[in-house]
Structures are given as structure tokens and as C-alpha cells.
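Structure file my_file-v3.txt (compact mmCIF, C-alpha atoms) follows.
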```txt
# COMPACT_ATOMS: atom_id res chain seq x y z
CA MET A 1 188.75 49.87 -16.96
CA LYS A 2 186.83 51.44 -19.83
CA THR A 3 183.12 52.11 -19.68
CA ASN A 4 180.68 51.50 -22.46
CA GLY A 5 180.32 55.29 -22.85
CA GLU A 6 184.03 55.79 -23.68
CA GLN A 7 183.94 53.07 -26.25
CA GLY A 8 180.86 54.53 -27.90
CA GLN A 9 182.41 58.04 -28.03
CA ILE A 10 185.53 56.91 -29.84
CA SER A 11 183.49 54.82 -32.19
CA ILE A 12 181.36 57.86 -33.18
CA GLU A 13 184.47 59.96 -33.85
CA PHE A 14 185.80 57.28 -36.07
CA VAL A 15 182.47 56.93 -37.86
CA LEU A 16 182.50 60.71 -38.45
CA ILE A 17 185.97 60.62 -39.97
CA LEU A 18 185.05 57.62 -42.04
CA GLY A 19 181.91 59.40 -43.22
CA ALA A 20 183.89 62.48 -44.23
CA VAL A 21 186.39 60.34 -46.13
CA LEU A 22 183.58 58.48 -47.87
CA THR A 23 181.87 61.77 -48.81
CA MET A 24 185.08 63.15 -50.29
CA THR A 25 185.65 59.90 -52.14
CA VAL A 26 182.15 59.89 -53.62
CA VAL A 27 182.53 63.53 -54.71
CA ALA A 28 185.93 62.83 -56.27
CA ILE A 29 184.97 59.58 -58.03
CA PRO A 30 183.70 61.09 -61.34
CA MET A 31 186.80 63.26 -61.68
CA VAL A 32 189.09 60.36 -60.80
CA LEU A 33 187.35 58.02 -63.27
CA LYS A 34 187.58 60.60 -66.07
CA ASN A 35 191.28 61.16 -65.46
CA ALA A 36 191.85 57.42 -65.15
CA GLU A 37 190.18 56.84 -68.54
CA MET A 38 192.38 59.46 -70.20
CA ASN A 39 195.52 58.00 -68.59
CA ARG A 40 194.54 54.46 -69.55
CA GLY A 41 193.83 55.51 -73.12
CA LEU A 42 197.11 57.37 -73.52
CA ALA A 43 199.15 54.58 -71.92
CA ALA A 44 197.52 51.94 -74.14
CA ALA A 45 198.00 54.09 -77.25
CA ARG A 46 201.70 54.45 -76.47
CA ASP A 47 201.97 50.70 -75.99
CA GLY A 48 200.24 49.93 -79.27
CA ALA A 49 202.26 52.45 -81.23
CA THR A 50 205.49 51.11 -79.73
CA PHE A 51 204.44 47.59 -80.67
CA GLY A 52 203.64 48.63 -84.25
CA ALA A 53 206.90 50.55 -84.58
CA GLY A 54 208.91 47.65 -83.14
CA MET A 55 207.35 45.09 -85.47
CA ARG A 56 207.69 47.31 -88.53
CA GLY A 57 211.26 48.07 -87.54
CA LEU A 58 211.97 44.33 -87.63
CA GLY A 59 210.37 44.13 -91.07
CA PHE A 60 207.18 42.39 -89.93
CA SER A 61 203.77 43.41 -91.20
CA SER A 62 200.31 41.88 -91.29
CA GLY A 63 200.21 42.45 -95.06
CA GLY A 64 202.20 44.39 -97.62
CA GLY A 65 205.71 45.76 -97.35
CA ASN A 66 208.34 43.92 -95.38
CA THR A 67 211.39 46.13 -95.56
CA ALA A 68 213.19 46.47 -92.24
CA GLY A 69 214.38 49.84 -90.98
CA MET A 70 214.60 52.02 -87.92
CA VAL A 71 211.08 53.14 -87.04
CA LYS A 72 210.75 55.37 -83.99
CA ILE A 73 207.92 57.19 -82.30
CA ILE A 74 209.36 60.63 -81.58
CA ASN A 75 206.33 62.03 -79.74
CA MET A 76 202.63 61.62 -79.15
CA THR A 77 200.27 64.55 -78.56
CA PRO A 78 196.56 64.40 -77.79
CA GLU A 79 194.77 67.03 -79.93
CA ARG A 80 191.39 68.11 -78.61
CA GLN A 81 188.64 68.13 -81.24
CA ALA A 82 184.97 69.10 -81.25
CA PRO A 83 182.98 66.87 -78.88
CA VAL A 84 181.30 63.77 -80.28
CA GLY A 85 177.92 63.60 -78.56
CA ASP A 86 178.67 63.66 -74.85
CA LEU A 87 182.24 62.51 -75.35
CA ASP A 88 185.36 64.66 -75.45
CA TRP A 89 187.15 63.77 -78.68
CA TYR A 90 190.93 63.55 -78.66
CA ARG A 91 192.96 62.82 -81.78
CA LEU A 92 196.23 61.16 -80.78
CA ARG A 93 198.92 62.35 -83.16
CA PHE A 94 202.10 60.30 -83.46
CA TYR A 95 205.29 61.87 -84.78
CA ILE A 96 207.13 59.06 -86.55
CA SER A 97 210.68 58.83 -87.76
CA ALA A 98 211.17 56.22 -90.51
CA PRO A 99 213.69 55.73 -93.34
CA SER A 100 212.56 56.82 -96.80
CA SER A 101 212.71 53.19 -97.96
CA LEU A 102 209.77 52.45 -95.67
CA ILE A 103 207.70 55.50 -96.57
CA ASP A 104 205.49 54.31 -99.42
CA ASN A 105 203.16 57.30 -99.15
CA PRO A 106 204.09 60.83 -98.02
CA THR A 107 200.73 61.13 -96.25
CA CYS A 108 201.53 59.41 -92.99
CA VAL A 109 198.16 57.79 -92.23
CA SER A 110 198.00 56.44 -95.79
CA SER A 111 201.46 54.88 -95.61
CA SER A 112 201.87 51.29 -94.47
CA VAL A 113 204.08 52.32 -91.52
CA GLY A 114 201.75 55.11 -90.39
CA SER A 115 198.59 53.04 -90.75
CA THR A 116 200.19 50.15 -88.84
CA ILE A 117 201.22 52.40 -85.96
CA THR A 118 197.94 54.33 -85.68
CA ASN A 119 195.87 51.17 -86.02
CA GLN A 120 197.92 49.32 -83.41
CA ALA A 121 197.61 52.29 -81.06
CA LEU A 122 193.81 52.28 -81.36
CA ARG A 123 193.68 48.47 -81.12
CA TYR A 124 195.46 48.68 -77.77
CA VAL A 125 193.16 51.47 -76.59
CA HIS A 126 190.15 49.37 -77.60
CA TYR A 127 191.59 46.37 -75.77
CA SER A 128 192.25 48.38 -72.62
CA PHE A 129 188.66 49.70 -72.61
CA ASN A 130 186.78 46.62 -73.80
CA GLY A 131 189.06 43.65 -73.10
CA GLU A 132 188.83 42.32 -76.68
CA TRP A 133 190.94 42.71 -79.80
CA LEU A 134 189.69 44.11 -83.10
CA ASN A 135 191.70 44.00 -86.32
CA LEU A 136 190.88 47.44 -87.68
CA VAL A 137 189.91 50.28 -85.36
CA SER A 138 189.21 53.85 -86.49
CA ARG A 139 187.71 55.23 -83.29
CA VAL A 140 187.47 54.09 -79.68
CA ASN A 141 184.76 55.45 -77.42
CA GLY A 142 185.02 55.27 -73.66
CA SER A 143 182.69 56.60 -70.98
CA TYR A 144 184.09 60.14 -71.14
CA TYR A 145 186.41 60.28 -74.14
CA SER A 146 186.48 59.35 -77.80
CA PHE A 147 189.91 58.58 -79.29
CA THR A 148 191.09 58.59 -82.89
CA ALA A 149 194.65 58.57 -84.19
CA ALA A 150 196.72 60.41 -86.77
CA CYS A 151 200.40 60.66 -87.57
CA THR A 152 203.06 62.88 -89.10
CA PHE A 153 206.45 61.91 -90.47
CA VAL A 154 209.30 63.89 -88.99
CA MET B 1 189.50 46.97 -27.75
CA ASP B 2 188.92 50.33 -29.51
CA ASN B 3 192.48 50.54 -30.83
CA LYS B 4 192.38 47.00 -32.12
CA GLY B 5 189.12 47.59 -33.91
CA GLN B 6 190.36 50.82 -35.44
CA VAL B 7 193.58 49.33 -36.76
CA SER B 8 191.70 46.40 -38.17
CA LEU B 9 189.28 48.65 -40.06
CA GLU B 10 192.13 50.80 -41.38
CA ALA B 11 193.88 47.68 -42.60
CA VAL B 12 190.73 46.52 -44.39
CA LEU B 13 190.37 49.92 -46.08
CA ALA B 14 194.02 50.01 -47.11
CA ILE B 15 193.90 46.48 -48.49
CA GLY B 16 190.67 47.28 -50.34
CA VAL B 17 192.21 50.34 -52.00
CA ALA B 18 195.34 48.38 -52.88
CA ILE B 19 193.25 45.63 -54.49
CA LEU B 20 191.32 48.20 -56.55
CA VAL B 21 194.53 49.82 -57.77
CA ILE B 22 196.14 46.48 -58.65
CA ILE B 23 193.03 45.24 -60.50
CA SER B 24 192.83 48.48 -62.48
CA LEU B 25 196.43 48.01 -63.63
CA PHE B 26 196.08 44.34 -64.60
CA ASN B 27 194.94 44.60 -68.21
CA ILE B 28 197.56 47.20 -69.14
CA TRP B 29 200.19 45.11 -67.37
CA PHE B 30 199.25 41.93 -69.28
CA SER B 31 199.04 43.68 -72.64
CA ARG B 32 202.51 45.17 -72.03
CA LEU B 33 203.85 41.75 -71.03
CA ASN B 34 202.51 40.12 -74.20
CA LEU B 35 203.72 43.07 -76.28
CA ALA B 36 207.27 42.72 -74.99
CA ARG B 37 207.29 38.96 -75.45
CA ASP B 38 205.85 39.04 -78.97
CA VAL B 39 208.26 41.71 -80.18
CA GLY B 40 211.13 39.76 -78.60
CA GLU B 41 210.02 36.51 -80.24
CA ALA B 42 209.60 38.30 -83.57
CA GLY B 43 213.21 39.41 -83.23
CA GLU B 44 214.32 35.85 -82.50
CA ALA B 45 212.41 34.52 -85.50
CA LYS B 46 213.93 37.18 -87.74
CA MET B 47 217.44 36.45 -86.46
CA THR B 48 216.96 32.72 -87.04
CA GLY B 49 215.76 33.40 -90.58
CA MET B 50 218.82 35.56 -91.15
CA LEU B 51 221.02 32.77 -89.79
CA ILE B 52 219.56 30.31 -92.29
CA ALA B 53 219.91 32.88 -95.08
CA GLU B 54 223.52 33.50 -94.11
CA GLY B 55 224.17 29.76 -94.14
CA ILE B 56 222.59 29.37 -97.59
CA ASN B 57 224.53 32.32 -99.02
CA ASN B 58 227.84 31.12 -97.55
CA VAL B 59 227.36 27.59 -98.84
CA TYR B 60 226.44 28.98 -102.26
CA ALA B 61 229.49 31.26 -102.34
CA ASN B 62 231.95 28.59 -101.23
CA GLY B 63 231.15 26.16 -104.04
CA ALA B 64 230.66 22.43 -104.34
CA ASN B 65 230.94 20.13 -101.32
CA PHE B 66 230.94 22.99 -98.83
CA SER B 67 228.50 22.52 -95.97
CA ILE B 68 227.43 24.25 -92.78
CA ARG B 69 225.68 22.67 -89.85
CA LEU B 70 223.47 24.73 -87.57
CA THR B 71 223.04 22.78 -84.35
CA GLU B 72 220.25 23.02 -81.80
CA ASN B 73 222.35 25.65 -80.05
CA GLU B 74 221.88 27.94 -83.05
CA ILE B 75 218.34 26.97 -84.06
CA ASN B 76 215.90 25.40 -81.63
CA TYR B 77 212.68 24.98 -83.64
CA THR B 78 210.73 23.67 -80.66
CA ARG B 79 211.49 26.76 -78.60
CA LEU B 80 210.79 29.08 -81.52
CA ALA B 81 207.29 27.75 -82.08
CA GLU B 82 206.10 26.84 -78.61
CA ILE B 83 203.27 28.71 -76.91
CA ASN B 84 203.32 28.69 -73.12
CA PRO B 85 201.05 30.58 -70.75
CA ILE B 86 204.04 32.73 -69.84
CA SER B 87 205.41 33.15 -73.36
CA GLY B 88 204.22 35.03 -76.43
CA GLY B 89 202.54 33.45 -79.44
CA GLY B 90 205.72 31.88 -80.85
CA MET B 91 206.47 31.73 -84.54
CA VAL B 92 204.62 29.81 -87.23
CA LEU B 93 206.85 27.06 -88.63
CA PRO B 94 208.07 26.23 -91.22
CA PHE B 95 210.53 28.81 -92.50
CA VAL B 96 209.56 28.96 -96.18
CA ILE B 97 212.42 29.30 -98.66
CA ASP B 98 211.00 30.79 -101.85
CA ASN B 99 213.30 30.06 -104.83
CA SER B 100 211.45 32.23 -107.33
CA GLU B 101 211.47 35.27 -105.03
CA ARG B 102 214.90 34.40 -103.60
CA ARG B 103 213.88 34.97 -100.03
CA ILE B 104 212.95 33.24 -96.80
CA ASN B 105 209.44 33.92 -95.46
CA ILE B 106 209.10 34.13 -91.68
CA THR B 107 205.72 34.18 -89.97
CA LYS B 108 205.04 35.24 -86.38
CA ASN B 109 201.97 34.07 -84.48
CA MET B 110 200.19 37.02 -82.87
CA SER B 111 197.46 35.09 -81.09
CA LYS B 112 198.27 36.75 -77.76
CA THR B 113 198.14 40.28 -79.10
CA GLY B 114 194.96 40.19 -81.12
CA GLY B 115 195.29 37.18 -83.39
CA GLY B 116 196.45 36.75 -86.95
CA SER B 117 200.04 36.54 -88.02
CA TRP B 118 202.72 38.96 -89.20
CA THR B 119 205.28 38.08 -91.82
CA THR B 120 208.70 39.27 -92.85
CA GLN B 121 211.26 38.18 -95.43
CA VAL B 122 215.00 37.75 -95.61
CA ALA B 123 216.72 37.83 -99.00
CA ILE B 124 218.95 34.98 -100.22
CA ILE B 125 221.25 34.84 -103.26
CA PRO B 126 220.68 31.40 -104.85
CA SER B 127 217.46 30.23 -106.46
CA ASN B 128 218.40 26.55 -106.55
CA VAL B 129 217.66 25.57 -102.96
CA VAL B 130 216.13 22.15 -102.30
CA GLN B 131 214.95 20.55 -99.07
CA ALA B 132 215.93 17.05 -97.89
CA SER B 133 215.18 15.04 -94.80
CA PRO B 134 217.96 14.97 -92.21
CA ALA B 135 220.22 11.92 -92.31
CA ALA B 136 222.93 10.54 -90.03
CA GLU B 137 225.57 12.12 -92.25
CA TYR B 138 223.65 15.37 -92.54
CA PRO B 139 221.70 15.97 -89.33
CA GLU B 140 219.25 18.82 -88.87
CA THR B 141 220.00 21.61 -89.81
CA THR B 142 222.73 21.11 -92.42
CA ILE B 143 223.12 23.23 -95.54
CA ARG B 144 225.24 21.70 -98.31
CA ASN B 145 226.30 22.63 -101.81
CA ASN B 146 226.47 19.46 -103.97
CA GLY B 147 227.63 21.35 -107.03
CA THR B 148 224.14 21.48 -108.53
CA ASN B 149 221.86 22.58 -105.73
CA ILE B 150 221.96 24.06 -102.26
CA ILE B 151 220.47 21.32 -100.12
CA VAL B 152 218.89 22.17 -96.77
CA TYR B 153 218.66 19.06 -94.60
CA ALA B 154 215.83 19.80 -92.17
CA ASN B 155 212.47 18.44 -91.15
CA ILE B 156 209.88 19.64 -93.64
CA ALA B 157 207.78 20.86 -90.71
CA ASN B 158 210.61 23.24 -89.85
CA VAL B 159 212.00 24.30 -93.22
CA GLN B 160 210.07 24.13 -96.47
CA VAL B 161 211.24 25.02 -99.97
CA VAL B 162 208.88 26.31 -102.63
CA SER B 163 209.65 27.16 -106.24
```

Could you render the structure as C-alpha cells?
Amino acid sequence: MKTNGEQGQISIEFVLILGAVLTMTVVAIPMVLKNAEMNRGLAAARDGATFGAGMRGLGFSSGGGNTAGMVKIINMTPERQAPVGDLDWYRLRFYISAPSSLIDNPTCVSSSVGSTITNQALRYVHYSFNGEWLNLVSRVNGSYYSFTAACTFV
Amino acid sequence: MDNKGQVSLEAVLAIGVAILVIISLFNIWFSRLNLARDVGEAGEAKMTGMLIAEGINNVYANGANFSIRLTENEINYTRLAEINPISGGGMVLPFVIDNSERRINITKNMSKTGGGSWTTQVAIIPSNVVQASPAAEYPETTIRNNGTNIIVYANIANVQVVS
């Protein structure tokens, strides 16, 4: 038979462990949230760029050229820029492979394929942060990071 | 009593953490789901447009009195355009056959991935395509060369011809 004292002792040990875990969690929260925002932004940007590349590859566009061709995202790299206010600014650069028939401007971001892909990437980042869609997005600000997009034909 | 209480509290903590993780993944998960569905449906719409274009070109090339029928197995307009909670935005009917530009315009509804619509075109050879309502002899979707025109027998809500 257990006494009240034994029950109280175990309970205090558990409360101590729980307290330590809570303290560590509270200390780690800002770092976790910052990393989570970066991960969410990068994942959403990849999704949006893939969407844009897939639709352009099928010949679809929201205006302008409609030639089909193989459009692929070869790589995406986040390039750190000078901070914007309190936010760390990252420019997401997409390396795009597209047939010459689709490249209507050698400057990637000015071409219809490049602008579609970068805009879709930022639209998805905006949606993942704010839960609403915008048609044209040039910059997305989160709590810790600011994202823009650029591209290069490879 | 102590062990039971402890396990119960651990379970609550674990479930709480699991709920937080799942909720944090929801909006990326849904946007990926809609992305995949919309790109897939865009592909279906494009393939259907290409099927109609192929039919028109074949009928044109084979001369007078040649006809092709595309049954519901090949083209299901209802399925192409429908919007379900579990599907993407569907396509915007009708397929528009543009005689002057010699192409078929295909429009995809993007309401589930930010609204608006995206369009694409498929080229066709003839510029003398006309639309007619389906009849018993020529059910939807039949494409026929009468020697003068390429006639597409289809509901005008599904296939429209413009000059």
C-alpha cells in the first residue's frame, strides 16, 4: 500500500522533468519558428515553381505565349541579401532549362517562362504565409525572412 | 495510480505535439494536392484538345464523306469541367475552334490555385470548320467532312466554332 508521501514525491519528480522540458521548449521556440519559416518558404517556392514549369511545359499561360516545350527547374538556391529592416532577405534563384522556342527574352526574369515561374513561386510562398492568393507578387515578408525570386536560364 | 497518471499525461503531450505538427503541415499539403490535381487536369484538357485537333485534321485529310466519332470513352465533357471538393478546378468549356487562327483554344480553371484561368492552343490544318448540333445519325462528338466544310457535331456548350 502506497502512502500519500510516496505519491507526492513521484509527482514532484515528474513536475521537475516537465518543467525542464518546458523550459527547453520555450528557449528553443524562436529558433524553431525561424527555421520553420525558412523551410516553409523554400518548400512553397519549390511547389510554385514546379507548378509554373509544369503548366508552361504543357503550353498553358495566364496571358501571352502558348508554345509547349520541356520546361524544367534544374536547381533553386537561396541567395542571402542585405537585410530589409529586421528581416533577413533571401533571393530565391531558379535555374531553368527551357527550349529556345519558349525563350522570348534572354533575361530570364523578363521572359514569359521566367516571370511565370518566379511569380508562381512567390505566389505559393505568399499563400503558405498568409493563406490567400495574390496574382502578382514581387516580395513576400514573413516574421523573420523576406523572400524575392530571380532566375537564370541554363 | 502514479503510473497511470504519468502515462496519461505523456499521451496528452504526445498527442498535442502530433496535432501541432499535423496542423503546421496542412496548408502546404493542401496547396500541393491542388497543384498536382490542376496540373493533371490541365494535361487532360490539353490531350482532349489534341484529340479533337487530330480528328479534325484526319477528317480534312481523308476527303469528302469521311467521319470520325469520338465517344464518351474518349471525351467526357462532364468530367473535364466538373469541380468537386476533392478535384481541381476543372477546365472551362467550350473548346473554342478558331478558324481564322487555325487553332483550338483550351482554357483551364485555376480557381483552386489562386483564381483566374490559363489558356493554351492546339494547331489545326483546316480553316473551314463549322459546328452543328448532334443528331441521331451524328451523335456527339462526330467530326465529318461533307466536301465543303469540316462539321463538328457537338453541343455548343462543349465545342464552339468562331471565325

At a cut-off of 9 Å, list the chain A residues touching chain B, using all atoms listed in the file, as a PyMOL selection string. chain A and resi 7+10-11+14+40+43-44+47-48+50-51+54-55+58-63+65-68+123-124+127-128+131-135

Nearest to Glu37 in chain A among A:Thr148, A:Val125, A:Leu136, A:Asp104, with distances taken over all atoms listed in the file: which residue is it?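 The closest residue to Glu37 in chain A is A:Val125.
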
Measure the distance from CA of Ser133 in chain B to CA of Asn155 in chain B in Å and round it to one decimal. 5.7 Å

Report, in Å with one decimal, the straight-line distance from CA of Ala123 in chain B to CA of Glu101 in chain B.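 Calculated distance between CA of Ala123 in chain B and CA of Glu101 in chain B is 8.4 Å.
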
Name all residues at most 10 Å from Gln160 in chain B (count only C-alpha atoms; drop same-chain ones fewer than 3 positions away) and give them as a PyMOL selection string. chain B and resi 93-98+104-105+130-132+152+154-157

I need range 18-144 of chain B from the structure I supplied, saved as a JSON list (two decimals), in the first residue's frame with C-alpha atoms retained.
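Wrote selection31.json, looks like this:
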```json
[["chain", "number", "residue", "atom", "x", "y", "z"],
["B", 18, "ALA", "CA", 1.41, 15.49, -33.07],
["B", 19, "ILE", "CA", -1.59, 17.79, -33.57],
["B", 20, "LEU", "CA", 0.70, 20.84, -33.78],
["B", 21, "VAL", "CA", 2.91, 19.16, -36.37],
["B", 22, "ILE", "CA", -0.05, 17.99, -38.47],
["B", 23, "ILE", "CA", -1.73, 21.43, -38.38],
["B", 24, "SER", "CA", 1.51, 23.12, -39.41],
["B", 25, "LEU", "CA", 1.75, 20.85, -42.45],
["B", 26, "PHE", "CA", -1.88, 21.27, -43.56],
["B", 27, "ASN", "CA", -1.65, 24.32, -45.80],
["B", 28, "ILE", "CA", 1.41, 23.06, -47.68],
["B", 29, "TRP", "CA", -0.27, 19.67, -48.03],
["B", 30, "PHE", "CA", -3.47, 21.17, -49.49],
["B", 31, "SER", "CA", -1.62, 23.50, -51.86],
["B", 32, "ARG", "CA", 0.43, 20.53, -53.12],
["B", 33, "LEU", "CA", -2.75, 18.48, -53.55],
["B", 34, "ASN", "CA", -4.43, 21.21, -55.59],
["B", 35, "LEU", "CA", -1.22, 21.80, -57.55],
["B", 36, "ALA", "CA", -1.00, 18.15, -58.58],
["B", 37, "ARG", "CA", -4.68, 17.97, -59.49],
["B", 38, "ASP", "CA", -4.68, 21.19, -61.51],
["B", 39, "VAL", "CA", -1.57, 20.26, -63.48],
["B", 40, "GLY", "CA", -3.06, 16.81, -64.11],
["B", 41, "GLU", "CA", -6.37, 18.28, -65.27],
["B", 42, "ALA", "CA", -4.53, 20.77, -67.48],
["B", 43, "GLY", "CA", -2.81, 17.80, -69.10],
["B", 44, "GLU", "CA", -6.16, 16.07, -69.63],
["B", 45, "ALA", "CA", -7.66, 19.20, -71.17],
["B", 46, "LYS", "CA", -4.67, 19.60, -73.48],
["B", 47, "MET", "CA", -4.83, 15.94, -74.54],
["B", 48, "THR", "CA", -8.55, 16.24, -75.26],
["B", 49, "GLY", "CA", -7.93, 19.34, -77.35],
["B", 50, "MET", "CA", -5.23, 17.47, -79.24],
["B", 51, "LEU", "CA", -7.65, 14.58, -79.79],
["B", 52, "ILE", "CA", -10.21, 16.93, -81.33],
["B", 53, "ALA", "CA", -7.49, 18.57, -83.43],
["B", 54, "GLU", "CA", -6.29, 15.17, -84.61],
["B", 55, "GLY", "CA", -9.85, 14.24, -85.53],
["B", 56, "ILE", "CA", -10.35, 17.47, -87.49],
["B", 57, "ASN", "CA", -7.04, 17.09, -89.32],
["B", 58, "ASN", "CA", -7.70, 13.44, -90.19],
["B", 59, "VAL", "CA", -11.20, 14.16, -91.46],
["B", 60, "TYR", "CA", -9.83, 17.06, -93.51],
["B", 61, "ALA", "CA", -7.05, 14.92, -94.99],
["B", 62, "ASN", "CA", -9.29, 11.98, -95.86],
["B", 63, "GLY", "CA", -11.69, 13.99, -98.03],
["B", 64, "ALA", "CA", -15.42, 14.13, -98.52],
["B", 65, "ASN", "CA", -17.78, 11.87, -96.56],
["B", 66, "PHE", "CA", -15.09, 10.75, -94.14],
["B", 67, "SER", "CA", -16.11, 10.98, -90.50],
["B", 68, "ILE", "CA", -14.76, 10.18, -87.06],
["B", 69, "ARG", "CA", -16.76, 9.70, -83.91],
["B", 70, "LEU", "CA", -15.23, 10.39, -80.52],
["B", 71, "THR", "CA", -17.37, 8.62, -77.94],
["B", 72, "GLU", "CA", -17.76, 9.41, -74.25],
["B", 73, "ASN", "CA", -14.88, 7.00, -73.65],
["B", 74, "GLU", "CA", -12.57, 9.39, -75.49],
["B", 75, "ILE", "CA", -14.10, 12.72, -74.44],
["B", 76, "ASN", "CA", -16.19, 13.08, -71.30],
["B", 77, "TYR", "CA", -17.08, 16.79, -71.16],
["B", 78, "THR", "CA", -18.85, 16.47, -67.82],
["B", 79, "ARG", "CA", -15.78, 15.01, -66.15],
["B", 80, "LEU", "CA", -13.48, 17.55, -67.79],
["B", 81, "ALA", "CA", -15.38, 20.53, -66.44],
["B", 82, "GLU", "CA", -16.65, 19.36, -63.08],
["B", 83, "ILE", "CA", -15.39, 20.86, -59.84],
["B", 84, "ASN", "CA", -15.58, 18.61, -56.79],
["B", 85, "PRO", "CA", -14.24, 19.26, -53.31],
["B", 86, "ILE", "CA", -11.64, 16.58, -53.97],
["B", 87, "SER", "CA", -10.82, 17.58, -57.55],
["B", 88, "GLY", "CA", -9.03, 20.55, -59.10],
["B", 89, "GLY", "CA", -10.74, 23.47, -60.80],
["B", 90, "GLY", "CA", -11.66, 21.55, -63.98],
["B", 91, "MET", "CA", -11.49, 23.09, -67.42],
["B", 92, "VAL", "CA", -13.58, 25.93, -68.82],
["B", 93, "LEU", "CA", -15.82, 24.63, -71.60],
["B", 94, "PRO", "CA", -16.30, 25.07, -74.51],
["B", 95, "PHE", "CA", -13.27, 24.13, -76.58],
["B", 96, "VAL", "CA", -13.12, 27.07, -78.99],
["B", 97, "ILE", "CA", -12.16, 26.27, -82.59],
["B", 98, "ASP", "CA", -10.80, 29.44, -84.15],
["B", 99, "ASN", "CA", -10.96, 29.25, -87.97],
["B", 100, "SER", "CA", -9.03, 32.44, -88.64],
["B", 101, "GLU", "CA", -6.15, 31.44, -86.36],
["B", 102, "ARG", "CA", -6.47, 27.75, -87.28],
["B", 103, "ARG", "CA", -6.27, 26.55, -83.72],
["B", 104, "ILE", "CA", -8.29, 25.21, -80.81],
["B", 105, "ASN", "CA", -8.30, 27.33, -77.65],
["B", 106, "ILE", "CA", -8.33, 25.42, -74.36],
["B", 107, "THR", "CA", -8.96, 27.14, -71.04],
["B", 108, "LYS", "CA", -8.21, 25.72, -67.59],
["B", 109, "ASN", "CA", -10.00, 26.95, -64.47],
["B", 110, "MET", "CA", -7.48, 27.78, -61.74],
["B", 111, "SER", "CA", -9.94, 28.71, -59.02],
["B", 112, "LYS", "CA", -8.33, 26.31, -56.54],
["B", 113, "THR", "CA", -4.82, 27.61, -57.06],
["B", 114, "GLY", "CA", -5.37, 31.32, -56.90],
["B", 115, "GLY", "CA", -8.17, 32.04, -59.36],
["B", 116, "GLY", "CA", -8.21, 33.13, -62.96],
["B", 117, "SER", "CA", -7.73, 30.85, -65.90],
["B", 118, "TRP", "CA", -4.83, 29.66, -68.04],
["B", 119, "THR", "CA", -5.12, 29.03, -71.74],
["B", 120, "THR", "CA", -3.29, 27.02, -74.35],
["B", 121, "GLN", "CA", -3.78, 26.35, -78.05],
["B", 122, "VAL", "CA", -3.54, 23.39, -80.39],
["B", 123, "ALA", "CA", -3.00, 23.99, -84.10],
["B", 124, "ILE", "CA", -5.35, 22.59, -86.76],
["B", 125, "ILE", "CA", -4.93, 22.49, -90.55],
["B", 126, "PRO", "CA", -8.34, 23.48, -92.00],
["B", 127, "SER", "CA", -9.99, 26.87, -91.64],
["B", 128, "ASN", "CA", -13.44, 25.74, -92.77],
["B", 129, "VAL", "CA", -14.70, 24.13, -89.58],
["B", 130, "VAL", "CA", -18.36, 24.58, -88.65],
["B", 131, "GLN", "CA", -20.30, 23.46, -85.59],
["B", 132, "ALA", "CA", -23.62, 21.57, -85.68],
["B", 133, "SER", "CA", -25.88, 20.14, -83.03],
["B", 134, "PRO", "CA", -25.58, 16.39, -82.52],
["B", 135, "ALA", "CA", -28.17, 14.28, -84.32],
["B", 136, "ALA", "CA", -29.16, 10.60, -84.21],
["B", 137, "GLU", "CA", -27.03, 9.96, -87.28],
["B", 138, "TYR", "CA", -24.16, 12.05, -85.96],
["B", 139, "PRO", "CA", -24.07, 11.82, -82.17],
["B", 140, "GLU", "CA", -21.72, 13.85, -80.01],
["B", 141, "THR", "CA", -18.80, 14.12, -80.80],
["B", 142, "THR", "CA", -18.69, 13.39, -84.54],
["B", 143, "ILE", "CA", -16.39, 15.14, -87.00],
["B", 144, "ARG", "CA", -17.39, 14.88, -90.66]]
```
